[in-house]
Amino acid sequence: MTSYLKNSWYCAGWGRDLGSKPIGIRICDEPIVLFRTSDDSVAALDGRCPHRFAPLSIGKVKGDVIECGYHGLQFDRTGACTLNPHGRGIIPPRAHTRAYPVAEKHGAIWVWMGDPAAADPEKILDLFFVDAEGWAGTTGYLKIEANYQLIIDNLLDLTHGTYLHPDTVGGAPEDTLGDNLHYEFRTEGSTIYSNYTAFNAAPTPLMGLFYTRSRGDLLASMRWEPASSLLLDIGIAPIGQPINSGLRVPSAHLIAPETANSSHYFFAISRNWELENLEKTRVMGEIAMKAFADEDEPVIARCFEMMGRRELFDLAPAILETDRAAVQARRMLTKLIKQEQGHVDGAAEAEAAE
Amino acid sequence: MTSYLKNSWYCAGWGRDLGSKPIGIRICDEPIVLFRTSDDSVAALDGRCPHRFAPLSIGKVKGDVIECGYHGLQFDRTGACTLNPHGRGIIPPRAHTRAYPVAEKHGAIWVWMGDPAAADPEKILDLFFVDAEGWAGTTGYLKIEANYQLIIDNLLDLTHGTYLHPDTVGGAPEDTLGDNLHYEFRTEGSTIYSNYTAFNAAPTPLMGLFYTRSRGDLLASMRWEPASSLLLDIGIAPIGQPINSGLRVPSAHLIAPETANSSHYFFAISRNWELENLEKTRVMGEIAMKAFADEDEPVIARCFEMMGRRELFDLAPAILETDRAAVQARRMLTKLIKQEQGHVDGAAEAEAAE
Amino acid sequence: MTSYLKNSWYCAGWGRDLGSKPIGIRICDEPIVLFRTSDDSVAALDGRCPHRFAPLSIGKVKGDVIECGYHGLQFDRTGACTLNPHGRGIIPPRAHTRAYPVAEKHGAIWVWMGDPAAADPEKILDLFFVDAEGWAGTTGYLKIEANYQLIIDNLLDLTHGTYLHPDTVGGAPEDTLGDNLHYEFRTEGSTIYSNYTAFNAAPTPLMGLFYTRSRGDLLASMRWEPASSLLLDIGIAPIGQPINSGLRVPSAHLIAPETANSSHYFFAISRNWELENLEKTRVMGEIAMKAFADEDEPVIARCFEMMGRRELFDLAPAILETDRAAVQARRMLTKLIKQEQGHVDGAAEAEAAE
């Protein structure tokens, strides 16, 4: 039984994909329906009508309410039933559904899965490069048929790029193996960083779209925020120059567990270069999608299958030096989930003692 | 674990579909093979050969017996093995299979899943409109990926028609919502009725095939017989005239649980109007199939999925006034299954006490 | 929970199919990777990298090692990790994977699933007819969606041929039913034979490719070696002549359980006739594949489904005279598995007592 960190913002979609039709999505094994009310803001409710459990995502949005497509009950953004269209129109107390805190920020829709009182939109990850001036890029989505923690493992150990992504987002073996790559793994509060530096290295194929010299100094800085959002900032600059002064390609890797065995992967990727070149934006998106969907996804899914869908540490894996950040993130997540559940249990006990 | 009402006739197919080849079907999670003997009557046996459990439905009918397609054992309609074609031809006592009481009536094949001594073909639902003079119509079949009780729920609460079937078998919102629709829910013995009357209403698209006035008085009378057979009689007549004097469109909705998670849905629909118009018969069948297969099935299946395949009442649903008949049918079915199992348990106890 | 006979050679593939790319296969529910080292010999390792459990079959063979396709760890044929390409290259003790005894013989690759000390390649079944002079034939593979014991049942009772294979490898009913077919079931050590003789019989369609007389004396001799390898030798000769003096069509049926619910079926079929006729070799292969994949597989898979994937004897099947060899093989296999597990348990107890 997978448990999830509930008091966390999870990316539930890109705002541009949510128009006048509601969208259903399962996060932490809970069905959710997203829709836009008349002021264009996003609402998030339990995805099931409390009457016959029809998916509200097949319903219709009517102003500020969503209408169930099965028998026509209407619910507002607080989850209250505002209309029973049949007979005397009596609304029984149970005709009420759960509302989730939800926010739209920098183009992403975020849902808070835990205690609404603890939801603070200020803590949502800053995806400035998605919509700020000076950046140009693209967003995307794929489904990964594996537990979400395997995707965090993948992202916090970028040494796989050399083997899995030679034609897309990986570095050349002669620049990225052995002593040629410098690692730094760092924990700050509950944030974990894994940084990689290679001096005098060839740009990755994706970086090479914009950076046209054959070599440069390269820094890839990956940052994980619990439960499962990651930001990667890759920079390359002519040898000896400050890396931040050159091409920068920041990307977001926003994972939301769908079930214990499948995950949503929302990504965004931008650059500070040739902002008007739409063709290069298109190609950059294609390369990213190829790397994530054609290269990462099948391997992660097959690892999970090979693990018999069990917990990683139950299988006594060989841990390499380069796994440090991923191992720390797994420990941090376990600790935070325990704290959260302890807190809940503590509260329940206190309540029971009254 | 779903339990079923065993002492009940379940529709297992339309007679016209059973020719010289046997047909396999699973009902109440029991595999059954149907075949026609030389007098053209239908036989129903356990669908597995007792030797190696090959499906008898891949075998051949030879006169009054069915021959297993794997090793050639033959069985008659009582389930007795009549031939072992190998060696000395010894037929071991276990080479015997279960025979089910079976009847063909008004074009439908019915199988009795319980105690054969209790099977009374007189109690089979009267589908007069399928083959009697004065009626013309069509029959069909679809599979529904949900527990059968969700289909009964669907049929005993026709208020969903306004939302789910606006282009097929549902009424117009202005005629069927709020005070405009009159309900009557009634229980007689173990039969449950749910009746709907709308005065001065537009005909449904399906009724409009035959009833060409723009308005009329409409009565839809749904009748449920345990375990899972339903008859719907819809009539429309010019305003103020007796409804039975006009167009009548009776239909049968014969549900047979396949497993706990899937159901057979056999339907028949007829009318007392333009009996010779084969084109309209075809269109009527198409509209019905669209309503059941394209509109009802996906919603019922997704409700079941959203329920995590659990029991409805375990999920504390909001019950509306218009759910009364469906709730009564669920209670009646639970009571009848308990009685049946109590009877069996009682009999077993009595036997044990001897 | 299916248990397997571990101390047994299982066919894991045909050698010609293993080139420079590794192949992954699951046997007895254990994932295995096969690859060829620089001397062209076959190596067999646990199919999962011990680091992140990526399937090694997606990796690359480099000389005598296989390189994981995810992070680049390399393993030799003993399962030792020989290279960690990252950072200081530290190889942790757990970076070691299991090696399986493996042998290539007469074109087949065999893997020993049990105690390596007990693996004796001399005991591998002699498939002389696959590559010896005087024989010509073909090999093939299919997957069967059933427990492997159902395939042994199928092969040890050839009376199904008359019903399931009339157009491929089965005999004519008038020659193979009742008294016309003579059976002999024999056990020698742990080898079980089931032999069938028909005098003055028509050749099967497959035999008829080469044997052009309309009748002959026919002998089919099936031999089972635990756990799940079978050899069938079919001969036909003009009436009254020694059967071995005529056409012989030996075949191998090498079953390897993939999981409790699915099996690998490797087959080879040869003949001592018209050795140079490649067209007839092709047709012979097609007929065999049709018999196994189109006729046997669906029936065996559906039997298994009809059995609810349960153990045969738990379902109290009707046992016919002609089941004797299959029943004996099931009992033998149960006995051998018990012995093997008793031995293991005994060893564990002895160890615990020290």
# chains A, B, ... in the order shown; residues from 1 in each chain; ligands from 1
>>> interface_residues(of="chain A", to="chain C", cutoff="6 Å", atoms="only C-alpha atoms", output="PyMOL selection string")
chain A and resi 160+163-164+177-179+303+317-318
>>> write_last_selection(atoms="N, CA and C atoms", output="short mmCIF file (atom, residue, chain, number, x, y, z; two decimals), in the first residue's frame")
data_model
loop_
_atom_site.label_atom_id
_atom_site.label_comp_id
_atom_site.auth_asym_id
_atom_site.auth_seq_id
_atom_site.Cartn_x
_atom_site.Cartn_y
_atom_site.Cartn_z
N HIS A 160 22.45 8.90 -15.84
CA HIS A 160 21.83 8.00 -16.82
C HIS A 160 21.80 8.63 -18.21
N TYR A 163 23.92 7.24 -21.06
CA TYR A 163 23.54 5.94 -21.63
C TYR A 163 22.17 5.94 -22.29
N LEU A 164 21.25 6.70 -21.68
CA LEU A 164 19.87 6.60 -22.16
C LEU A 164 19.51 7.70 -23.16
N LEU A 177 31.81 10.90 -18.00
CA LEU A 177 32.08 9.69 -17.20
C LEU A 177 33.31 9.93 -16.33
N GLY A 178 33.43 9.09 -15.32
CA GLY A 178 34.61 9.13 -14.45
C GLY A 178 34.84 10.51 -13.87
N ASP A 179 36.09 10.93 -13.90
CA ASP A 179 36.48 12.21 -13.29
C ASP A 179 35.98 13.42 -14.04
N CYS A 303 11.77 -1.15 -15.25
CA CYS A 303 12.41 -1.33 -13.94
C CYS A 303 11.34 -1.69 -12.90
N PRO A 317 18.92 -2.87 -3.16
CA PRO A 317 19.64 -2.48 -4.38
C PRO A 317 21.10 -2.15 -4.08
N ALA A 318 21.93 -2.25 -5.10
CA ALA A 318 23.30 -1.74 -5.00
C ALA A 318 23.23 -0.22 -5.09
#
>>> residues_around(residues="Ser38 of chain B", least_positions_apart="3", cutoff="10 Å", atoms="only C-alpha atoms", output="number ranges by chain")
B: 20, 35, 41-42, 61-65
>>> write_last_selection(atoms="C-alpha atoms", output="compact mmCIF listing (two decimals), in the first residue's frame")
# COMPACT_ATOMS: atom_id res chain seq x y z
CA SER B 20 -26.27 -25.47 -35.15
CA PHE B 35 -27.06 -25.97 -27.86
CA SER B 41 -35.15 -27.47 -28.32
CA VAL B 42 -32.44 -25.80 -26.30
CA VAL B 61 -23.46 -30.72 -31.80
CA LYS B 62 -24.22 -34.21 -33.10
CA GLY B 63 -27.95 -34.92 -32.98
CA ASP B 64 -28.91 -34.92 -29.32
CA VAL B 65 -25.42 -34.70 -27.88
>>> residues_around(residues="segment 238-255 of chain C", least_positions_apart="2", cutoff="8 Å", atoms="only C-alpha atoms", output="PyMOL selection string")
chain C and resi 10-11+127+129+148+151+199-200+207+210-211+213+215-219+228-236+257+263-273
>>> residues_around(residues="Ser262 of chain A", least_positions_apart="5", cutoff="12 Å", atoms="only C-alpha atoms", output="PyMOL selection string")
chain A and resi 2+26-29+142-151+255-257+297+300-301+304-305+309
>>> write_last_selection(atoms="N, CA and C atoms", output="tab-separated table (two decimals), in the first residue's frame")
chain	number	residue	atom	x	y	z
A	2	THR	N	0.88	1.95	-1.10
A	2	THR	CA	1.63	3.20	-1.16
A	2	THR	C	0.92	4.26	-0.33
A	26	ARG	N	-6.69	11.67	-11.81
A	26	ARG	CA	-6.53	10.96	-10.53
A	26	ARG	C	-5.17	11.33	-9.97
A	27	ILE	N	-5.13	11.80	-8.74
A	27	ILE	CA	-3.87	12.14	-8.07
A	27	ILE	C	-3.88	11.49	-6.68
A	28	CYS	N	-2.77	10.88	-6.32
A	28	CYS	CA	-2.69	10.15	-5.04
A	28	CYS	C	-3.87	9.20	-4.91
A	29	ASP	N	-4.25	8.61	-6.04
A	29	ASP	CA	-5.35	7.65	-6.10
A	29	ASP	C	-6.71	8.24	-5.73
A	142	LEU	N	3.26	13.50	-20.19
A	142	LEU	CA	3.22	12.07	-20.50
A	142	LEU	C	2.81	11.30	-19.27
A	143	LYS	N	2.35	10.10	-19.49
A	143	LYS	CA	2.00	9.18	-18.39
A	143	LYS	C	3.14	8.20	-18.25
A	144	ILE	N	3.53	7.92	-17.02
A	144	ILE	CA	4.57	6.91	-16.81
A	144	ILE	C	3.99	5.77	-16.00
A	145	GLU	N	4.15	4.57	-16.51
A	145	GLU	CA	3.56	3.39	-15.86
A	145	GLU	C	4.50	2.87	-14.78
A	146	ALA	N	4.69	3.66	-13.75
A	146	ALA	CA	5.54	3.26	-12.64
A	146	ALA	C	5.22	4.12	-11.44
A	147	ASN	N	5.60	3.65	-10.27
A	147	ASN	CA	5.47	4.45	-9.05
A	147	ASN	C	6.27	5.74	-9.21
A	148	TYR	N	5.74	6.83	-8.67
A	148	TYR	CA	6.35	8.15	-8.90
A	148	TYR	C	7.76	8.25	-8.33
A	149	GLN	N	8.07	7.45	-7.31
A	149	GLN	CA	9.40	7.58	-6.71
A	149	GLN	C	10.50	7.13	-7.67
A	150	LEU	N	10.17	6.24	-8.59
A	150	LEU	CA	11.18	5.83	-9.57
A	150	LEU	C	11.51	6.96	-10.54
A	151	ILE	N	10.57	7.86	-10.72
A	151	ILE	CA	10.83	9.00	-11.61
A	151	ILE	C	11.71	10.01	-10.89
A	255	ILE	N	5.90	15.87	-11.13
A	255	ILE	CA	5.34	14.52	-11.08
A	255	ILE	C	4.16	14.52	-10.13
A	256	ALA	N	3.08	13.87	-10.53
A	256	ALA	CA	1.96	13.65	-9.61
A	256	ALA	C	1.62	12.18	-9.65
A	257	PRO	N	1.73	11.51	-8.50
A	257	PRO	CA	1.35	10.09	-8.49
A	257	PRO	C	-0.11	9.95	-8.91
A	297	GLU	N	10.63	6.77	-20.18
A	297	GLU	CA	9.40	6.08	-19.75
A	297	GLU	C	9.52	4.56	-19.86
A	300	ILE	N	11.94	3.20	-17.13
A	300	ILE	CA	11.41	3.31	-15.76
A	300	ILE	C	10.27	2.31	-15.55
A	301	ALA	N	9.40	2.21	-16.54
A	301	ALA	CA	8.27	1.28	-16.42
A	301	ALA	C	8.76	-0.16	-16.32
A	304	PHE	N	10.24	-0.94	-12.94
A	304	PHE	CA	9.17	-1.14	-11.96
A	304	PHE	C	8.57	-2.54	-12.09
A	305	GLU	N	8.40	-2.96	-13.32
A	305	GLU	CA	7.89	-4.31	-13.61
A	305	GLU	C	8.90	-5.35	-13.08
A	309	ARG	N	6.89	-4.49	-8.80
A	309	ARG	CA	6.13	-3.37	-8.22
A	309	ARG	C	6.38	-3.20	-6.71
>>> atom_distance(atom1="atom CA of Glu276 of chain C", atom2="atom CA of Asp294 of chain C")
27.7 Å
>>> select_by_dssp(residues="segment 57-257 of chain B", states="helix (DSSP H, G or I)", output="compact mmCIF listing (two decimals) with C-alpha atoms, in the first residue's frame")
# COMPACT_ATOMS: atom_id res chain seq x y z
CA SER B 57 -18.76 -24.26 -26.75
CA ILE B 58 -15.85 -25.11 -29.07
CA PRO B 116 -33.94 -27.46 -10.70
CA ALA B 117 -36.94 -28.64 -8.65
CA ALA B 118 -37.96 -25.01 -8.16
CA PRO B 121 -41.24 -21.94 -16.80
CA GLU B 122 -44.69 -20.42 -16.19
CA LYS B 123 -42.97 -17.72 -14.15
CA PHE B 128 -45.58 -10.99 -25.81
CA PHE B 129 -44.54 -7.97 -27.88
CA VAL B 130 -41.47 -9.73 -29.27
CA ASP B 131 -43.38 -12.18 -31.43
CA TYR B 148 -25.59 -5.84 -12.78
CA GLN B 149 -27.17 -3.91 -9.89
CA LEU B 150 -25.90 -0.65 -11.36
CA ILE B 151 -27.91 -1.39 -14.49
CA ILE B 152 -31.05 -2.01 -12.47
CA ASP B 153 -30.39 1.30 -10.68
CA ASN B 154 -30.09 2.97 -14.06
CA LEU B 155 -33.36 1.53 -15.36
CA LEU B 156 -35.43 2.12 -12.25
CA LEU B 158 -35.52 7.15 -15.69
CA THR B 159 -34.77 10.76 -14.73
CA HIS B 160 -31.32 10.19 -16.20
CA GLY B 161 -32.89 10.18 -19.68
CA THR B 162 -33.11 13.97 -19.79
CA TYR B 163 -29.33 14.28 -19.29
CA LEU B 164 -27.93 11.16 -20.88
CA PRO B 173 -35.90 19.18 -20.12
CA GLU B 174 -38.89 21.51 -20.12
CA ASP B 175 -41.24 18.49 -19.95
CA THR B 176 -39.37 16.19 -17.62
CA MET B 207 -41.22 7.91 -30.09
CA GLY B 208 -41.16 10.68 -32.67
CA LEU B 209 -40.31 8.11 -35.34
CA ILE B 243 -52.57 7.11 -23.13
CA ASN B 244 -53.07 3.43 -23.90
CA SER B 245 -55.13 4.32 -26.93
>>> closest_residue(among="A:Ala227, A:Ala198, A:Leu18, A:Ile124", to="Arg330 of chain A", atoms="only C-alpha atoms")
A:Ala227
>>> residues_around(residues="Ser194 of chain B", least_positions_apart="4", cutoff="6 Å", atoms="only C-alpha atoms", output="mmCIF file with C-alpha atoms, in the first residue's frame")
data_model
loop_
_atom_site.group_PDB
_atom_site.id
_atom_site.type_symbol
_atom_site.label_atom_id
_atom_site.label_comp_id
_atom_site.auth_asym_id
_atom_site.auth_seq_id
_atom_site.Cartn_x
_atom_site.Cartn_y
_atom_site.Cartn_z
ATOM 1 C CA GLU B 184 -45.183 6.781 -8.838
ATOM 2 C CA PHE B 185 -43.075 4.134 -7.159
ATOM 3 C CA MET B 222 -41.006 0.445 -15.703
#
>>> residues_around(residues="Leu336 of chain C", least_positions_apart="2", cutoff="12 Å", atoms="only C-alpha atoms", output="list in words")
Ser3, Tyr4, Leu5, Lys6, Asn7, Ser8, Gly189, Ser190, Thr191, Glu225, Pro226, Ala227, Ala329, Arg330, Arg331, Met332, Leu333, Thr334, Lys338, Gln339, Glu340, Gln341, Gly342 and His343 of chain C
>>> atom_distance(atom1="atom CA of Leu206 of chain A", atom2="atom CA of Met284 of chain A")
6.5 Å
>>> select_by_dssp(residues="segment 248-322 of chain C", states="strand (DSSP E)", output="list in words")
Arg248, Val249, Pro250, Ser251, Ala252, His253, Leu254, Ile255, Ala256, Pro257, Glu258, Thr259, Ser262, Ser263, His264, Tyr265, Phe266, Phe267, Ala268, Ile269, Ser270 and Arg271 of chain C
>>> atom_distance(atom1="atom CA of Ala237 of chain A", atom2="atom CA of Thr168 of chain A")
19.1 Å
>>> decode(residues="segment 102-133 of chain C", atoms="N, CA and C atoms", output="short mmCIF file (atom, residue, chain, number, x, y, z; two decimals), in the first residue's frame")
data_model
loop_
_atom_site.label_atom_id
_atom_site.label_comp_id
_atom_site.auth_asym_id
_atom_site.auth_seq_id
_atom_site.Cartn_x
_atom_site.Cartn_y
_atom_site.Cartn_z
N VAL C 102 24.47 -22.57 -17.91
CA VAL C 102 23.82 -22.50 -19.21
C VAL C 102 24.62 -23.35 -20.20
N ALA C 103 23.95 -23.96 -21.13
CA ALA C 103 24.63 -24.79 -22.13
C ALA C 103 23.91 -24.66 -23.46
N GLU C 104 24.69 -24.79 -24.53
CA GLU C 104 24.10 -24.77 -25.87
C GLU C 104 24.40 -26.13 -26.48
N LYS C 105 23.37 -26.82 -26.92
CA LYS C 105 23.56 -28.20 -27.37
C LYS C 105 22.54 -28.51 -28.45
N HIS C 106 22.99 -29.04 -29.56
CA HIS C 106 22.08 -29.36 -30.67
C HIS C 106 21.17 -28.17 -31.01
N GLY C 107 21.75 -26.98 -30.96
CA GLY C 107 20.98 -25.80 -31.40
C GLY C 107 20.10 -25.18 -30.34
N ALA C 108 19.97 -25.84 -29.19
CA ALA C 108 19.10 -25.27 -28.14
C ALA C 108 19.94 -24.71 -27.00
N ILE C 109 19.44 -23.66 -26.39
CA ILE C 109 20.08 -23.08 -25.21
C ILE C 109 19.30 -23.57 -23.98
N TRP C 110 20.06 -24.11 -23.01
CA TRP C 110 19.43 -24.67 -21.81
C TRP C 110 19.94 -23.94 -20.58
N VAL C 111 19.03 -23.62 -19.68
CA VAL C 111 19.40 -22.94 -18.44
C VAL C 111 19.01 -23.82 -17.26
N TRP C 112 19.91 -23.90 -16.28
CA TRP C 112 19.67 -24.68 -15.05
C TRP C 112 19.21 -23.72 -13.96
N MET C 113 18.00 -23.95 -13.44
CA MET C 113 17.38 -22.97 -12.54
C MET C 113 17.70 -23.22 -11.07
N GLY C 114 18.37 -24.35 -10.77
CA GLY C 114 18.55 -24.70 -9.35
C GLY C 114 19.98 -24.52 -8.88
N ASP C 115 20.40 -25.41 -8.00
CA ASP C 115 21.73 -25.37 -7.39
C ASP C 115 22.80 -25.58 -8.47
N PRO C 116 23.67 -24.60 -8.69
CA PRO C 116 24.67 -24.73 -9.76
C PRO C 116 25.54 -25.97 -9.60
N ALA C 117 25.80 -26.37 -8.38
CA ALA C 117 26.66 -27.54 -8.16
C ALA C 117 26.04 -28.81 -8.72
N ALA C 118 24.74 -28.81 -8.87
CA ALA C 118 24.05 -30.01 -9.35
C ALA C 118 23.84 -30.02 -10.86
N ALA C 119 24.29 -28.96 -11.53
CA ALA C 119 24.03 -28.84 -12.97
C ALA C 119 24.98 -29.73 -13.77
N ASP C 120 24.44 -30.69 -14.47
CA ASP C 120 25.26 -31.60 -15.28
C ASP C 120 24.80 -31.54 -16.74
N PRO C 121 25.58 -30.88 -17.59
CA PRO C 121 25.16 -30.73 -18.99
C PRO C 121 24.99 -32.06 -19.72
N GLU C 122 25.60 -33.11 -19.18
CA GLU C 122 25.45 -34.43 -19.80
C GLU C 122 24.00 -34.88 -19.76
N LYS C 123 23.24 -34.36 -18.81
CA LYS C 123 21.85 -34.82 -18.64
C LYS C 123 20.87 -34.07 -19.53
N ILE C 124 21.39 -33.15 -20.32
CA ILE C 124 20.50 -32.42 -21.23
C ILE C 124 19.99 -33.38 -22.30
N LEU C 125 18.74 -33.24 -22.63
CA LEU C 125 18.07 -34.10 -23.60
C LEU C 125 18.82 -34.08 -24.94
N ASP C 126 18.93 -35.24 -25.54
CA ASP C 126 19.67 -35.37 -26.80
C ASP C 126 18.75 -35.05 -27.99
N LEU C 127 18.92 -33.87 -28.55
CA LEU C 127 18.11 -33.47 -29.70
C LEU C 127 18.89 -33.71 -30.99
N PHE C 128 19.42 -34.92 -31.13
CA PHE C 128 20.28 -35.26 -32.26
C PHE C 128 19.67 -34.85 -33.60
N PHE C 129 18.37 -34.99 -33.73
CA PHE C 129 17.74 -34.78 -35.04
C PHE C 129 17.69 -33.32 -35.46
N VAL C 130 18.04 -32.41 -34.55
CA VAL C 130 18.01 -30.99 -34.91
C VAL C 130 19.19 -30.64 -35.82
N ASP C 131 20.37 -31.25 -35.53
CA ASP C 131 21.53 -30.82 -36.31
C ASP C 131 22.41 -31.96 -36.81
N ALA C 132 22.01 -33.22 -36.59
CA ALA C 132 22.84 -34.33 -37.06
C ALA C 132 22.60 -34.59 -38.55
N GLU C 133 23.57 -35.20 -39.17
CA GLU C 133 23.41 -35.58 -40.58
C GLU C 133 22.31 -36.64 -40.69
#
